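Have a look at target_16.txt; it's compact mmCIF, C-alpha atoms:
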# COMPACT_ATOMS: atom_id res chain seq x y z
CA MET X 757 28.84 54.85 100.15
CA GLU X 758 28.04 58.36 101.31
CA LYS X 759 30.93 60.70 102.08
CA ARG X 760 31.62 60.98 105.82
CA GLU X 761 33.56 63.32 108.01
CA ALA X 762 37.06 62.06 108.75
CA VAL X 763 37.38 60.15 112.02
CA ALA X 764 40.69 59.71 113.83
CA CYS X 765 41.81 56.13 114.42
CA ARG X 766 44.93 54.42 115.71
CA PHE X 767 45.91 51.35 113.66
CA GLU X 768 48.07 48.50 114.90
CA PHE X 769 49.09 45.19 113.34
CA LEU X 770 49.66 42.81 116.22
CA GLY X 771 51.36 40.01 114.30
CA ARG X 772 50.53 36.47 115.41
CA ARG X 773 48.87 36.30 118.83
CA PRO X 774 46.75 33.89 120.91
CA TYR X 775 43.01 34.59 120.73
CA ARG X 776 42.40 35.14 124.44
CA GLU X 777 45.18 37.73 124.69
CA VAL X 778 43.69 39.84 121.91
CA TRP X 779 40.15 39.39 123.24
CA ALA X 780 41.32 40.87 126.55
CA LEU X 781 42.95 43.75 124.68
CA GLN X 782 39.71 44.49 122.85
CA GLU X 783 37.73 44.54 126.08
CA LYS X 784 40.24 46.92 127.65
CA GLU X 785 40.03 49.33 124.72
CA LEU X 786 36.24 49.10 124.53
CA GLU X 787 35.90 49.98 128.22
CA ALA X 788 38.29 52.93 127.75
CA VAL X 789 36.11 54.35 124.96
CA LYS X 790 32.94 53.83 127.01
CA ALA X 791 34.52 55.54 130.03
CA ALA X 792 35.50 58.54 127.92
CA LYS X 793 31.97 58.79 126.51
CA ALA X 794 30.50 58.67 130.02
CA GLN X 795 32.54 61.81 130.81
CA GLY X 796 31.41 63.57 127.65
CA LEU X 797 34.80 63.03 125.97
CA THR X 798 35.80 61.41 122.70
CA GLY X 799 37.47 58.04 123.12
CA GLU X 800 40.20 56.74 120.85
CA ASN X 801 39.01 54.58 117.96
CA ARG X 802 41.30 51.62 117.41
CA LEU X 803 41.74 49.17 114.52
CA PHE X 804 43.67 45.99 115.28
CA PHE X 805 44.74 43.50 112.63
CA VAL X 806 46.07 40.14 113.82
CA GLU X 807 46.87 36.58 112.77
CA HIS X 808 45.73 34.07 115.40
CA ASP X 809 47.04 30.76 116.63
CA PRO X 810 44.56 27.97 115.74
CA VAL X 811 41.25 28.49 117.55
CA TYR X 812 37.55 27.82 117.05
CA THR X 813 35.15 30.38 118.48
CA ILE X 814 31.39 30.30 118.79
CA GLY X 815 29.11 33.27 119.31
CA ARG X 816 26.17 33.82 121.64
CA SER X 817 23.61 32.45 119.17
CA GLY X 818 25.74 29.51 118.08
CA LYS X 819 25.02 25.82 118.62
CA ASP X 820 27.68 23.56 120.13
CA SER X 821 26.49 20.83 117.75
CA ASN X 822 28.15 22.79 114.94
CA MET X 823 31.51 21.90 116.48
CA LEU X 824 32.16 18.44 115.05
CA ALA X 825 35.46 17.67 116.79
CA GLY X 826 35.99 16.51 120.35
CA GLU X 827 38.54 17.79 122.84
CA ALA X 828 41.10 15.08 122.01
CA LEU X 829 41.18 15.99 118.32
CA LEU X 830 41.40 19.70 119.09
CA ARG X 831 44.34 19.08 121.44
CA ALA X 832 46.05 17.00 118.76
CA ARG X 833 45.76 19.97 116.42
CA ASN X 834 46.88 22.44 119.11
CA ALA X 835 43.57 24.26 118.76
CA GLU X 836 41.18 25.73 121.33
CA PHE X 837 37.38 25.95 121.36
CA ILE X 838 36.13 29.16 123.01
CA HIS X 839 32.66 30.58 123.66
CA VAL X 840 32.73 34.32 122.99
CA ASP X 841 30.38 37.28 123.31
CA ARG X 842 29.97 38.21 119.65
CA GLY X 843 27.08 37.44 117.34
CA GLY X 844 27.15 34.50 114.95
CA ASP X 845 27.90 30.81 115.17
CA VAL X 846 31.13 28.81 115.08
CA THR X 847 34.14 29.77 112.97
CA TYR X 848 37.85 29.11 112.74
CA HIS X 849 40.81 31.45 113.14
CA GLY X 850 44.36 30.43 112.36
CA PRO X 851 47.59 31.04 110.46
CA GLY X 852 47.20 32.61 107.03
CA GLN X 853 43.98 34.41 108.01
CA LEU X 854 43.68 38.16 108.52
CA VAL X 855 41.46 39.02 111.48
CA GLY X 856 40.39 42.60 112.13
CA TYR X 857 39.00 44.11 115.32
CA PRO X 858 37.65 47.68 115.06
CA ILE X 859 37.00 49.31 118.43
CA PHE X 860 34.84 52.09 117.00
CA ASP X 861 32.48 54.56 118.64
CA LEU X 862 29.67 54.08 116.14
CA GLU X 863 27.97 57.29 117.25
CA GLU X 864 31.04 59.20 116.07
CA PHE X 865 30.58 57.55 112.66
CA GLY X 866 26.82 58.12 112.69
CA LEU X 867 26.22 54.38 112.33
CA GLY X 868 23.85 51.83 113.75
CA ALA X 869 24.91 48.20 114.15
CA ARG X 870 23.40 46.97 110.87
CA ALA X 871 24.92 49.77 108.80
CA TYR X 872 28.26 49.15 110.51
CA VAL X 873 28.25 45.46 109.51
CA GLU X 874 27.36 46.42 105.95
CA MET X 875 30.37 48.75 105.86
CA LEU X 876 32.64 45.95 107.08
CA GLU X 877 31.30 43.85 104.22
CA GLU X 878 31.91 46.77 101.84
CA VAL X 879 35.58 46.96 102.86
CA VAL X 880 36.06 43.30 101.95
CA ILE X 881 34.05 43.54 98.73
CA ARG X 882 36.19 46.44 97.52
CA PHE X 883 39.36 44.61 98.54
CA LEU X 884 38.38 41.48 96.60
CA SER X 885 37.61 43.52 93.50
CA ARG X 886 41.26 44.55 93.41
CA TYR X 887 42.05 40.89 92.75
CA GLY X 888 39.36 40.48 90.13
CA LEU X 889 37.03 38.65 92.51
CA CYS X 890 33.35 39.44 92.96
CA GLY X 891 32.55 39.38 96.65
CA GLU X 892 28.84 39.50 97.44
CA ARG X 893 26.40 39.62 100.33
CA LEU X 894 23.93 36.83 101.02
CA GLN X 895 20.66 37.73 102.74
CA GLY X 896 20.44 36.16 106.16
CA ALA X 897 24.12 35.17 106.16
CA THR X 898 26.40 37.95 107.36
CA GLY X 899 29.84 38.07 105.75
CA VAL X 900 31.22 38.10 102.22
CA TRP X 901 30.65 35.29 99.76
CA ILE X 902 31.87 34.11 96.37
CA GLU X 903 29.06 32.97 94.04
CA PRO X 904 26.46 32.97 96.84
CA HIS X 905 23.64 32.13 94.45
CA GLY X 906 25.58 29.68 92.32
CA LYS X 907 26.09 25.93 92.55
CA ARG X 908 29.05 26.31 94.92
CA PRO X 909 28.47 29.20 97.36
CA ARG X 910 31.52 29.73 99.55
CA LYS X 911 32.33 32.21 102.29
CA ILE X 912 35.65 34.02 102.10
CA CYS X 913 35.12 36.37 105.06
CA ALA X 914 33.19 35.80 108.28
CA ILE X 915 31.87 38.73 110.31
CA GLY X 916 30.69 38.69 113.91
CA VAL X 917 30.50 41.76 116.14
CA LYS X 918 29.43 42.99 119.54
CA CYS X 919 28.27 46.53 120.29
CA SER X 920 28.13 47.91 123.83
CA ARG X 921 26.78 51.44 124.24
CA SER X 922 27.42 51.93 120.52
CA VAL X 923 31.08 50.87 120.79
CA SER X 924 32.09 47.91 118.63
CA MET X 925 34.41 44.98 119.20
CA HIS X 926 35.16 41.66 117.48
CA GLY X 927 35.00 42.03 113.70
CA PHE X 928 35.96 40.10 110.56
CA ALA X 929 38.06 37.09 109.57
CA LEU X 930 39.33 37.09 105.98
CA ASN X 931 40.73 33.84 104.63
CA VAL X 932 43.94 34.76 102.84
CA ASN X 933 46.25 31.72 102.83
CA THR X 934 44.21 29.82 105.41
CA ASP X 935 44.33 26.02 105.61
CA LEU X 936 40.74 25.33 104.59
CA ALA X 937 40.92 21.77 105.94
CA ALA X 938 40.57 23.31 109.41
CA PHE X 939 36.95 24.12 108.58
CA SER X 940 36.16 20.40 108.16
CA LEU X 941 35.88 20.16 111.95
CA ILE X 942 32.88 22.51 112.07
CA ASN X 943 29.72 23.53 110.27
CA PRO X 944 31.14 26.96 109.37
CA CYS X 945 28.87 29.70 110.70
CA GLY X 946 26.26 27.00 111.23
CA PHE X 947 25.86 26.11 107.53
CA THR X 948 25.90 22.54 106.25
CA ASP X 949 25.11 23.35 102.61
CA LYS X 950 27.74 26.03 101.90
CA GLY X 951 31.51 25.99 101.74
CA VAL X 952 34.45 28.19 102.57
CA THR X 953 37.24 29.53 100.43
CA SER X 954 40.31 31.73 100.61
CA LEU X 955 42.10 34.29 98.51
CA GLN X 956 44.74 31.68 97.79
CA ALA X 957 42.17 29.13 96.63
CA GLU X 958 40.42 31.63 94.36
CA LEU X 959 43.64 32.93 92.82
CA GLY X 960 45.30 29.54 92.52
CA LYS X 961 48.45 30.80 94.24
CA GLU X 962 49.61 32.03 97.64
CA ALA X 963 48.74 35.65 98.33
CA ASP X 964 51.20 38.21 99.70
CA TYR X 965 49.95 38.48 103.28
CA SER X 966 51.77 41.72 104.10
CA ARG X 967 50.32 43.32 100.99
CA VAL X 968 46.82 42.19 102.01
CA VAL X 969 47.30 43.86 105.40
CA GLU X 970 48.19 47.18 103.77
CA GLU X 971 45.39 46.99 101.22
CA MET X 972 42.74 46.15 103.82
CA LYS X 973 44.03 48.97 106.00
CA ASP X 974 43.65 51.34 103.06
CA PHE X 975 40.11 50.20 102.25
CA PHE X 976 39.11 50.72 105.89
CA ARG X 977 40.44 54.26 105.56
CA THR X 978 38.39 55.02 102.46
CA VAL X 979 35.14 53.26 103.42
CA PHE X 980 35.00 54.52 107.02
CA GLY X 981 36.65 57.88 106.39
CA LEU X 982 39.53 57.24 108.78
CA VAL X 983 42.56 59.38 109.47
CA TYR X 984 45.25 57.12 110.93
CA ARG X 985 47.38 58.37 113.79
Take the structure in this file and express it as structure tokens.
Amino acid sequence: MEKREAVACRFEFLGRRPYREVWALQEKELEAVKAAKAQGLTGENRLFFVEHDPVYTIGRSGKDSNMLAGEALLRARNAEFIHVDRGGDVTYHGPGQLVGYPIFDLEEFGLGARAYVEMLEEVVIRFLSRYGLCGERLQGATGVWIEPHGKRPRKICAIGVKCSRSVSMHGFALNVNTDLAAFSLINPCGFTDKGVTSLQAELGKEADYSRVVEEMKDFFRTVFGLVYR
């Protein structure tokens, strides 16, 4: 990746939170950055990491038919199904997963939307390499995959974003110690011929979640050229 000028960013790990609460927080921060830009000022870039309560979300281009469970089953599993304003199809968020929401002014980074998504993928690819795993891209399927061209392609990190006036929200969902059975209720990201995996599944043992948070934070710093406040 090319060397970039350092960009100030405020990082916060939110712990475990309901999806709607953090969605509202993202929208608030996005509007604050847009308002600052409208006045010719520099807004505050934010990076939120969070672990969600069980929830299925589907993006603007998603198909409801990719949700395989009805309301009764979702209630039994204490899970919600929410239509959201990001790109992409249906995915799952829940305990053991690390979800990241960058509220970035992409103009400050000199990035367009496509390059921004590729840098999110790069963060995860570099992180996985630390564990001896080869994360890869798959053309036409945003996110990070393990063995995407092999007999058992499986997604380890989903990515879905929204950009409004070059300010980003939503982000990535990295399966760390995620219960992969939760994905059996959907066609993950709309695929019926590809699977999902987690860091735990690939390593054969539970991963240190707090360590993953710190490592992902560090890779965001190096890939995006961040200076944390």
Of the listed residues X:Ile912, X:Ala825, X:Leu781, X:Ile902, that which approaches X:Val932 most closely, counting all atoms listed in the file: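 Residue with the minimum atom-to-atom distance to X:Val932: X:Ile912.
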If we draw a sphere of 12 Å around (42.3, 44.4, 106.6), which residues have at least one atom in it when counting all atoms listed in the file? Please report them as a PyMOL selection string. chain X and resi 767-769+803-807+853-858+876-884+913+927-932+965-977+979
Tell me, as a list in words, which residues lie within 9 Å of X:Asp841, counting all atoms listed in the file; anything in the same chain fewer than 2 positions away does not count.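 Skipping anything fewer than 2 positions along the chain leaves Ile814, Gly815, Arg816, His839, Gly843, Val917, Lys918 and His926 of chain X.
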Pick out the closest residue to X:Cys945 from this set: X:Gly888, X:Gly844, X:Pro904, X:Gly796. Count only C-alpha atoms. X:Gly844
Option closest in space to X:Tyr775, from X:His905, X:Lys911, X:His849, X:Lys793 [counting all atoms listed in the file]: X:His849
Pick from X:Pro944, X:Pro851, X:Gly799, X:Gly899: nearest to X:Ala914, with all atoms listed in the file counted?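 Of X:Pro944, X:Pro851, X:Gly799, X:Gly899, the one nearest X:Ala914 is X:Gly899, counting all atoms listed in the file.
Rounded to one decimal, atom CA of X:Arg893 and atom CA of X:Glu761 lie 25.9 Å from each other.
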Atom CA of X:Gly946 and atom CA of X:Arg870 are how many Å apart? 20.2 Å
Within 10 Å of (25.7, 23.1, 116.2) (coordinates as in the file), grab all the protein and nucleic acid residues, counting all atoms listed in the file, and write them out as a PyMOL selection string. chain X and resi 814+818-824+845-846+942-948
Which is closest to X:Ala835 among X:Ser922, X:Leu941, X:Ile915, X:Leu894, if we use only C-alpha atoms?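 The shortest atom-to-atom distance to X:Ala835 comes from X:Leu941.
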Give me, please, the distance in Å between atom CA of X:Pro774 and atom CA of X:Asp809, quoted to one decimal.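 Between atom CA of X:Pro774 and atom CA of X:Asp809 the gap works out to 5.3 Å.
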Using only C-alpha atoms, pick whichever of X:Thr978, X:Pro909, X:Tyr848, X:Cys919 has the shortest atom-to-atom distance to X:Leu867.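 Once distances to X:Leu867 are computed over only C-alpha atoms, the minimum belongs to X:Cys919.
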Neighbouring residues of X:Arg766 were defined as those with any atom within 7 Å, considering all atoms listed in the file; residues of the same chain fewer than 4 positions away were excluded. Please report them as a compact mmCIF listing (two decimals) with C-alpha atoms, in the frame of the given file.
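selection.txt written:
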# COMPACT_ATOMS: atom_id res chain seq x y z
CA ASN X 801 39.01 54.58 117.96
CA ARG X 802 41.30 51.62 117.41
CA LEU X 803 41.74 49.17 114.52
CA TYR X 984 45.25 57.12 110.93
CA ARG X 985 47.38 58.37 113.79
Copy stretch 860-871 of chain X out of the block into a file, keeping all heavy atoms, as a PDB file, in the first residue's frame.
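The new file decode.pdb reads:
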ATOM      1  N   PHE X 860     -15.180   7.559   8.584  1.00  0.00           N
ATOM      2  CA  PHE X 860     -14.013   8.206   7.986  1.00  0.00           C
ATOM      3  C   PHE X 860     -14.450   9.182   6.901  1.00  0.00           C
ATOM      4  O   PHE X 860     -15.319   8.869   6.079  1.00  0.00           O
ATOM      5  CB  PHE X 860     -13.082   7.180   7.339  1.00  0.00           C
ATOM      6  CG  PHE X 860     -12.287   6.334   8.298  1.00  0.00           C
ATOM      7  CD1 PHE X 860     -11.498   5.294   7.807  1.00  0.00           C
ATOM      8  CD2 PHE X 860     -12.307   6.557   9.664  1.00  0.00           C
ATOM      9  CE1 PHE X 860     -10.744   4.507   8.661  1.00  0.00           C
ATOM     10  CE2 PHE X 860     -11.560   5.766  10.531  1.00  0.00           C
ATOM     11  CZ  PHE X 860     -10.773   4.740  10.026  1.00  0.00           C
ATOM     12  N   ASP X 861     -13.810  10.355   6.896  1.00  0.00           N
ATOM     13  CA  ASP X 861     -13.944  11.286   5.780  1.00  0.00           C
ATOM     14  C   ASP X 861     -12.980  10.794   4.704  1.00  0.00           C
ATOM     15  O   ASP X 861     -11.765  11.026   4.782  1.00  0.00           O
ATOM     16  CB  ASP X 861     -13.598  12.707   6.227  1.00  0.00           C
ATOM     17  CG  ASP X 861     -13.710  13.720   5.092  1.00  0.00           C
ATOM     18  OD1 ASP X 861     -13.963  13.305   3.931  1.00  0.00           O
ATOM     19  OD2 ASP X 861     -13.543  14.921   5.360  1.00  0.00           O
ATOM     20  N   LEU X 862     -13.496  10.114   3.704  1.00  0.00           N
ATOM     21  CA  LEU X 862     -12.634   9.489   2.708  1.00  0.00           C
ATOM     22  C   LEU X 862     -11.854  10.499   1.892  1.00  0.00           C
ATOM     23  O   LEU X 862     -10.771  10.194   1.380  1.00  0.00           O
ATOM     24  CB  LEU X 862     -13.458   8.588   1.786  1.00  0.00           C
ATOM     25  CG  LEU X 862     -14.203   7.426   2.474  1.00  0.00           C
ATOM     26  CD1 LEU X 862     -14.862   6.535   1.426  1.00  0.00           C
ATOM     27  CD2 LEU X 862     -13.264   6.618   3.359  1.00  0.00           C
ATOM     28  N   GLU X 863     -12.363  11.723   1.775  1.00  0.00           N
ATOM     29  CA  GLU X 863     -11.615  12.767   1.070  1.00  0.00           C
ATOM     30  C   GLU X 863     -10.337  13.110   1.824  1.00  0.00           C
ATOM     31  O   GLU X 863      -9.308  13.419   1.206  1.00  0.00           O
ATOM     32  CB  GLU X 863     -12.487  14.007   0.901  1.00  0.00           C
ATOM     33  CG  GLU X 863     -13.620  13.809  -0.092  1.00  0.00           C
ATOM     34  CD  GLU X 863     -14.436  15.065  -0.311  1.00  0.00           C
ATOM     35  OE1 GLU X 863     -14.454  15.935   0.587  1.00  0.00           O
ATOM     36  OE2 GLU X 863     -15.064  15.167  -1.378  1.00  0.00           O
ATOM     37  N   GLU X 864     -10.381  13.048   3.143  1.00  0.00           N
ATOM     38  CA  GLU X 864      -9.185  13.320   3.940  1.00  0.00           C
ATOM     39  C   GLU X 864      -8.124  12.243   3.711  1.00  0.00           C
ATOM     40  O   GLU X 864      -6.917  12.501   3.792  1.00  0.00           O
ATOM     41  CB  GLU X 864      -9.545  13.400   5.422  1.00  0.00           C
ATOM     42  CG  GLU X 864      -8.437  13.948   6.290  1.00  0.00           C
ATOM     43  CD  GLU X 864      -8.874  14.174   7.733  1.00  0.00           C
ATOM     44  OE1 GLU X 864     -10.074  14.027   8.046  1.00  0.00           O
ATOM     45  OE2 GLU X 864      -7.998  14.499   8.548  1.00  0.00           O
ATOM     46  N   PHE X 865      -8.589  11.019   3.398  1.00  0.00           N
ATOM     47  CA  PHE X 865      -7.667   9.915   3.126  1.00  0.00           C
ATOM     48  C   PHE X 865      -7.284   9.850   1.645  1.00  0.00           C
ATOM     49  O   PHE X 865      -6.416   9.069   1.271  1.00  0.00           O
ATOM     50  CB  PHE X 865      -8.309   8.582   3.527  1.00  0.00           C
ATOM     51  CG  PHE X 865      -8.445   8.371   5.002  1.00  0.00           C
ATOM     52  CD1 PHE X 865      -9.567   8.833   5.675  1.00  0.00           C
ATOM     53  CD2 PHE X 865      -7.468   7.714   5.731  1.00  0.00           C
ATOM     54  CE1 PHE X 865      -9.721   8.637   7.034  1.00  0.00           C
ATOM     55  CE2 PHE X 865      -7.604   7.501   7.084  1.00  0.00           C
ATOM     56  CZ  PHE X 865      -8.731   7.971   7.755  1.00  0.00           C
ATOM     57  N   GLY X 866      -7.958  10.646   0.822  1.00  0.00           N
ATOM     58  CA  GLY X 866      -7.721  10.587  -0.614  1.00  0.00           C
ATOM     59  C   GLY X 866      -8.228   9.305  -1.234  1.00  0.00           C
ATOM     60  O   GLY X 866      -7.626   8.771  -2.177  1.00  0.00           O
ATOM     61  N   LEU X 867      -9.370   8.795  -0.739  1.00  0.00           N
ATOM     62  CA  LEU X 867      -9.881   7.508  -1.177  1.00  0.00           C
ATOM     63  C   LEU X 867     -11.267   7.627  -1.799  1.00  0.00           C
ATOM     64  O   LEU X 867     -12.101   8.411  -1.347  1.00  0.00           O
ATOM     65  CB  LEU X 867      -9.984   6.547   0.015  1.00  0.00           C
ATOM     66  CG  LEU X 867      -8.701   6.104   0.699  1.00  0.00           C
ATOM     67  CD1 LEU X 867      -9.038   5.302   1.945  1.00  0.00           C
ATOM     68  CD2 LEU X 867      -7.844   5.287  -0.256  1.00  0.00           C
ATOM     69  N   GLY X 868     -11.500   6.806  -2.812  1.00  0.00           N
ATOM     70  CA  GLY X 868     -12.846   6.575  -3.299  1.00  0.00           C
ATOM     71  C   GLY X 868     -13.410   5.355  -2.593  1.00  0.00           C
ATOM     72  O   GLY X 868     -12.698   4.654  -1.855  1.00  0.00           O
ATOM     73  N   ALA X 869     -14.678   5.056  -2.841  1.00  0.00           N
ATOM     74  CA  ALA X 869     -15.343   3.969  -2.125  1.00  0.00           C
ATOM     75  C   ALA X 869     -14.696   2.613  -2.398  1.00  0.00           C
ATOM     76  O   ALA X 869     -14.492   1.816  -1.480  1.00  0.00           O
ATOM     77  CB  ALA X 869     -16.824   3.932  -2.493  1.00  0.00           C
ATOM     78  N   ARG X 870     -14.359   2.328  -3.644  1.00  0.00           N
ATOM     79  CA  ARG X 870     -13.780   1.030  -3.980  1.00  0.00           C
ATOM     80  C   ARG X 870     -12.413   0.847  -3.319  1.00  0.00           C
ATOM     81  O   ARG X 870     -12.126  -0.209  -2.740  1.00  0.00           O
ATOM     82  CB  ARG X 870     -13.643   0.899  -5.495  1.00  0.00           C
ATOM     83  CG  ARG X 870     -13.072  -0.417  -5.983  1.00  0.00           C
ATOM     84  CD  ARG X 870     -13.986  -1.571  -5.650  1.00  0.00           C
ATOM     85  NE  ARG X 870     -13.404  -2.442  -4.627  1.00  0.00           N
ATOM     86  CZ  ARG X 870     -14.020  -3.461  -4.078  1.00  0.00           C
ATOM     87  NH1 ARG X 870     -15.255  -3.748  -4.418  1.00  0.00           N
ATOM     88  NH2 ARG X 870     -13.418  -4.204  -3.182  1.00  0.00           N
ATOM     89  N   ALA X 871     -11.571   1.870  -3.399  1.00  0.00           N
ATOM     90  CA  ALA X 871     -10.251   1.788  -2.775  1.00  0.00           C
ATOM     91  C   ALA X 871     -10.379   1.640  -1.256  1.00  0.00           C
ATOM     92  O   ALA X 871      -9.584   0.940  -0.619  1.00  0.00           O
ATOM     93  CB  ALA X 871      -9.426   3.018  -3.118  1.00  0.00           C
TER      94      ALA X 871
END
